[in-house]
Protein chains: 2
Amino acid sequence: MKKTLFVLLISTLLCTNGFSQQAIWGGSEIVSPEIHPNNSVTFRLHAPNAKEVKLTGEWTQGSIFMNKDDKGVWSHTTAPLSSNLYGYSFWVDSLRTIDPSNVYINRDVATVFNIFIIGGGNGDYYKVNKVPHGSVTRRWYYSPGNEMERRITIYTPPGYESGKEKYPVLYLLHGMGGDEEAWMALGRTSQILDNLIAQGKAKPMIVVMTNGNVAQEAAPGESSLGFYKPGGRLPHTSDGKMEETFIDVISFVENNYRVIKDKSGRAVAGLSMGGFHAMGISRYYPNTFDYVGLFSHATRPREEGSPVYQNIDEALAAQKKNGYKLYWIAIGKTDFLYKAVEDYRAKLDSMDFKYTYVESEGGHTWSNWRDYMIQFVPLLFK
Amino acid sequence: MKKTLFVLLISTLLCTNGFSQQAIWGGSEIVSPEIHPNNSVTFRLHAPNAKEVKLTGEWTQGSIFMNKDDKGVWSHTTAPLSSNLYGYSFWVDSLRTIDPSNVYINRDVATVFNIFIIGGGNGDYYKVNKVPHGSVTRRWYYSPGNEMERRITIYTPPGYESGKEKYPVLYLLHGMGGDEEAWMALGRTSQILDNLIAQGKAKPMIVVMTNGNVAQEAAPGESSLGFYKPGGRLPHTSDGKMEETFIDVISFVENNYRVIKDKSGRAVAGLSMGGFHAMGISRYYPNTFDYVGLFSHATRPREEGSPVYQNIDEALAAQKKNGYKLYWIAIGKTDFLYKAVEDYRAKLDSMDFKYTYVESEGGHTWSNWRDYMIQFVPLLFK
């Protein structure tokens with residue numbers, strides 16, 4: 001047994017900067033975040049020249065001042081945290097930075113931040129566990145209604161490729177500023193589905209994550225627009241165009257996957273703007289969806305000209321008459337859309353339109369939307 | 001036409017911090033990087049409290065000092081850059097940070113950095129262009145040789161799903177510290193393939209990107225190990241185990257995809273450690289691959305006990321006798337493996353073992369490996 005060239009390879013690479021050769025071990029030796037057995041978490045940053053280092057994170061409001069030791073390492077240890085996926089950032093002398101010791105990162109529209117998971121509860125659904133895994137495919141379909149090739153993310157459950165069974169489909173829609181990556185990266189959809197299916201809590205299903213910005217081909221960086229800066233108002237997100245052309249998505253899926261092609265095999269759900277879309281789609285396509293999920297949903301369009309927004313009461317009455325198995329509404333108590341959803345529920349109540357209502361703590365957050373997925377998905381296709 | 005709730009939604013979100021509600025427009029107003037018409041690039045960072053801000057980037061050695069204006073914005077404009085994908089980082093008072101104005105990020109093992117693309121040459125192959133796009137699937141297969149479910153990334157070319165044709169397969173292997181994401185994120189493989197196929201320069205093919213660390217289920221963050229810190233030496237990367245169990249990958253692909261199941265339809269290529277693996281695999285599996293690509297390849301194992309490393313001269317003689325269409329070796333003039341590859345070429349020369357040799361500028365870099373892909377892929381399956 002000989003130690004040979006690989007030793008040379010390593011020692012050479014350690015001496016170079018990360019850009020002159022391949023960066024094999026480029027990270028710092030600092031451990032951050034460190035999750036302790038009691039689920040408190042220590043964050044560390046080596047910044048000996050900084051005057052002030054703060055921490056912001058999804059478990060708390062406001063900023064936390066970190067303390068510097070004599071080696072220039074700033075640290076903070078939290079109280080024990082409840083089980084969840086958390087984002088956080090450092091602020092070094094007012095500059096927002098990522099944690100250089102943590103390569104796990106999410107993007108939410110134009111903001112990049114680190115993440116970590118605390119297990120023992122909901123967080124266990126967000127982890128990759130030793131269970132059968134579905135497949136996740138990024139592919140492109142043609143949308144005649146938008147005259148555009150568009151990108152789509154599709155989860156197929158474990159066993160899909162090797163079997164002959166037909167599967168039900170959950171169409172899962174993102175919020176304003178999101179895209180066909182949002183439910184995967186921020187929503188941990190493939191992990192939640194893998195884990196719920198493995199536990200027997202959810203039926204195996206296909207999950208179709210569209211890009212609900214129909215003016216866009218694809219997520220930022222994934223289209224011919226290149227590496228542009230995300231943000232700004234996109235056209236056609238709440239003027240009916242998305243809902244009107246959603247038939248292109250359904251057609252693509254039903255022509256290309258082994259799926260159940262009737263309402264018993266179709267669910268549509270979304271968060272915020274995507275909840276608004278799901279509400280409109282389930283109403284506009286008559287007798288098409290047995291399952292509807294509205295997570296912290298917006299209730300009114302920006303422009304009302306589209307046929308999607310005409311004769312809403314009639315369309316809802318038809319939806320009621322045609323029947324459905326689940327119309328599921330969830331919102332956090334401090335969500336800025338709380339009143340709008342309350343008004344929408346009053347409207348449904350006045351029509352005796354049945355729905356299930358879940359009111360959670362918190363506001364308009366991915367923490368809630370992931371939690372709603374854990375609650376909603378087990379109710380589907382039963 | 002009414003402006004309604006979405007206006008409220010936007011104004012509310014602008015007033016909250018990025019973690020208390022969904023971060024719709026969280027980014028700063030600074031534009032960075034800004035690519036000018038002459039392909040010079042301006043970088044900007046708002047850091048009024050910093051004493052010193054430097055820039056490191058793949059287009060240059062060492063650090064560049066940035067200059068501060070009276071608003072606290074540090075900037076630097078490069079000379080015109082040649083067409084490529086470039087990584088860069090800021091160093092704020094010696095703390096390495098990402099550019100908060102640029103959400104496009106790559107990870108190389110344990111280092112995270114921003115990226116941008118200069119078009120007009122190779123960079124155009126790394127862009128998402130308005131061409132037909134293949135699909136990219138992350139899925140799992142069982143490896144009996146490793147007794148493990150393992151993650152794999154598979155590119156299928158445009159038209160694969162809708163057609164009946166059988167396709168050739170390129171098995172594409174990463175270097176030390178890499179994983180089944182490396183050729184996608186750092187190598188821009190799906191973009192290179194889409195663009196080469198659209199231009200008629202490459203035959204439509206399937207590209208299979210394995211995880212060559214056979215002790216691992218999957219890339220960091222994608223396995224049951226959770227969000228651990230990447231790095232350190234993995235077992236079984238250069239002791240023969242990867243090559244010995246590669247039959248599991250071939251079997252999985254050939255049983256699950258419409259592929260050409262003979263040597264005329266198989267290529268194996270890799271960079272650095274992956275080139276070492278490709279060399280061993282093409283030799284160890286007799287008469288299996290017509291196309292071999294060794295990019296900056298390591299030439300010797302860490303441990304020589306495996307049958308993969310026994311009777312190498314005989315195995316190479318058999319490979320020569322069985323015949324192949326392409327044995328392609330490329331390395332940069334300043335690569336630390338240059339001498340090792342020179343020795344390996346001398347060995348092949350002494351056996352009259354034919355190969356194509358490409359010597360490039362530069363060293364052990366992703367810039368070279370992407371460039372080698374642009375050169376190598378058009379030679380396959382012709």
# chains A, B, ... in the order shown; residues from 1 in each chain; ligands from 1
$ residues_around --residues "Ser83 of chain A" --least-positions-apart "2" --cutoff "10 Å" --atoms "only C-alpha atoms" --output "PyMOL selection string"
chain A and resi 39+80-81+85-86+117-126
$ residues_around --residues "segment 72-77 of chain B" --least-positions-apart "2" --cutoff "10 Å" --atoms "only C-alpha atoms" --output "ChimeraX atom specification"
/B:30,32-36,40-50,52-55,64-70,79-80
$ residues_around --residues "segment 137-139 of chain A" --least-positions-apart "6" --cutoff "6 Å" --atoms "only C-alpha atoms" --output "JSON, numbers by chain"
{"A": [151, 152, 153, 154], "B": [135, 136, 137]}
$ closest_residue --among "A:Thr245, A:Thr111, A:Ser272, A:Asn255" --to "chain B" --atoms "only C-alpha atoms"
A:Thr111
$ decode --residues "segment 194-226 of chain B" --atoms "N, CA and C atoms" --output "short mmCIF file (atom, residue, chain, number, x, y, z; two decimals), in the first residue's frame"
data_model
loop_
_atom_site.label_atom_id
_atom_site.label_comp_id
_atom_site.auth_asym_id
_atom_site.auth_seq_id
_atom_site.Cartn_x
_atom_site.Cartn_y
_atom_site.Cartn_z
N ASP B 194 -26.88 21.42 -24.00
CA ASP B 194 -27.98 22.07 -24.74
C ASP B 194 -27.43 22.87 -25.92
N ASN B 195 -26.39 23.66 -25.65
CA ASN B 195 -25.88 24.56 -26.68
C ASN B 195 -25.13 23.82 -27.79
N LEU B 196 -24.31 22.84 -27.41
CA LEU B 196 -23.60 22.07 -28.44
C LEU B 196 -24.57 21.28 -29.31
N ILE B 197 -25.60 20.71 -28.68
CA ILE B 197 -26.58 19.93 -29.45
C ILE B 197 -27.37 20.87 -30.38
N ALA B 198 -27.76 22.03 -29.86
CA ALA B 198 -28.55 22.97 -30.69
C ALA B 198 -27.75 23.44 -31.90
N GLN B 199 -26.45 23.57 -31.74
CA GLN B 199 -25.60 24.01 -32.85
C GLN B 199 -25.23 22.87 -33.79
N GLY B 200 -25.69 21.67 -33.48
CA GLY B 200 -25.34 20.52 -34.31
C GLY B 200 -23.91 20.07 -34.13
N LYS B 201 -23.26 20.57 -33.09
CA LYS B 201 -21.85 20.20 -32.86
C LYS B 201 -21.71 18.91 -32.07
N ALA B 202 -22.74 18.57 -31.31
CA ALA B 202 -22.69 17.33 -30.53
C ALA B 202 -23.91 16.49 -30.85
N LYS B 203 -23.73 15.18 -30.84
CA LYS B 203 -24.86 14.26 -30.96
C LYS B 203 -25.71 14.34 -29.69
N PRO B 204 -27.01 14.28 -29.80
CA PRO B 204 -27.81 14.18 -28.58
C PRO B 204 -27.37 12.95 -27.78
N MET B 205 -27.14 13.16 -26.50
CA MET B 205 -26.66 12.07 -25.65
C MET B 205 -27.19 12.27 -24.23
N ILE B 206 -27.19 11.18 -23.49
CA ILE B 206 -27.48 11.24 -22.06
C ILE B 206 -26.16 11.45 -21.32
N VAL B 207 -26.18 12.29 -20.30
CA VAL B 207 -24.98 12.48 -19.49
C VAL B 207 -25.31 12.06 -18.05
N VAL B 208 -24.51 11.14 -17.55
CA VAL B 208 -24.74 10.57 -16.22
C VAL B 208 -23.64 11.09 -15.29
N MET B 209 -24.05 11.87 -14.30
CA MET B 209 -23.10 12.45 -13.36
C MET B 209 -23.24 11.75 -12.03
N THR B 210 -22.27 10.90 -11.74
CA THR B 210 -22.33 10.07 -10.54
C THR B 210 -21.72 10.80 -9.35
N ASN B 211 -21.88 10.22 -8.19
CA ASN B 211 -21.10 10.62 -7.03
C ASN B 211 -19.97 9.61 -6.90
N GLY B 212 -18.74 10.06 -7.16
CA GLY B 212 -17.58 9.17 -7.19
C GLY B 212 -16.99 8.88 -5.83
N ASN B 213 -17.60 9.43 -4.79
CA ASN B 213 -17.19 9.12 -3.41
C ASN B 213 -18.09 7.99 -2.93
N VAL B 214 -17.65 6.76 -3.13
CA VAL B 214 -18.59 5.65 -2.92
C VAL B 214 -18.89 5.40 -1.44
N ALA B 215 -18.19 6.08 -0.54
CA ALA B 215 -18.58 6.01 0.87
C ALA B 215 -19.77 6.92 1.16
N GLN B 216 -20.10 7.78 0.22
CA GLN B 216 -21.19 8.76 0.38
C GLN B 216 -22.45 8.28 -0.30
N GLU B 217 -23.61 8.58 0.33
CA GLU B 217 -24.88 8.38 -0.37
C GLU B 217 -25.08 9.46 -1.44
N ALA B 218 -24.67 10.69 -1.10
CA ALA B 218 -25.06 11.84 -1.91
C ALA B 218 -24.19 13.03 -1.56
N ALA B 219 -24.38 14.10 -2.30
CA ALA B 219 -23.69 15.36 -2.06
C ALA B 219 -23.98 15.86 -0.65
N PRO B 220 -23.09 16.68 -0.10
CA PRO B 220 -23.36 17.31 1.20
C PRO B 220 -24.74 17.98 1.21
N GLY B 221 -25.48 17.73 2.27
CA GLY B 221 -26.81 18.33 2.40
C GLY B 221 -27.91 17.53 1.72
N GLU B 222 -27.53 16.54 0.90
CA GLU B 222 -28.53 15.77 0.15
C GLU B 222 -28.63 14.34 0.66
N SER B 223 -27.94 14.04 1.76
CA SER B 223 -27.98 12.68 2.32
C SER B 223 -28.44 12.74 3.77
N SER B 224 -28.54 11.55 4.36
CA SER B 224 -29.00 11.47 5.74
C SER B 224 -27.95 12.00 6.72
N LEU B 225 -26.79 12.39 6.25
CA LEU B 225 -25.81 13.03 7.14
C LEU B 225 -26.20 14.47 7.47
N GLY B 226 -27.15 15.01 6.73
CA GLY B 226 -27.62 16.36 7.03
C GLY B 226 -26.69 17.44 6.53
#
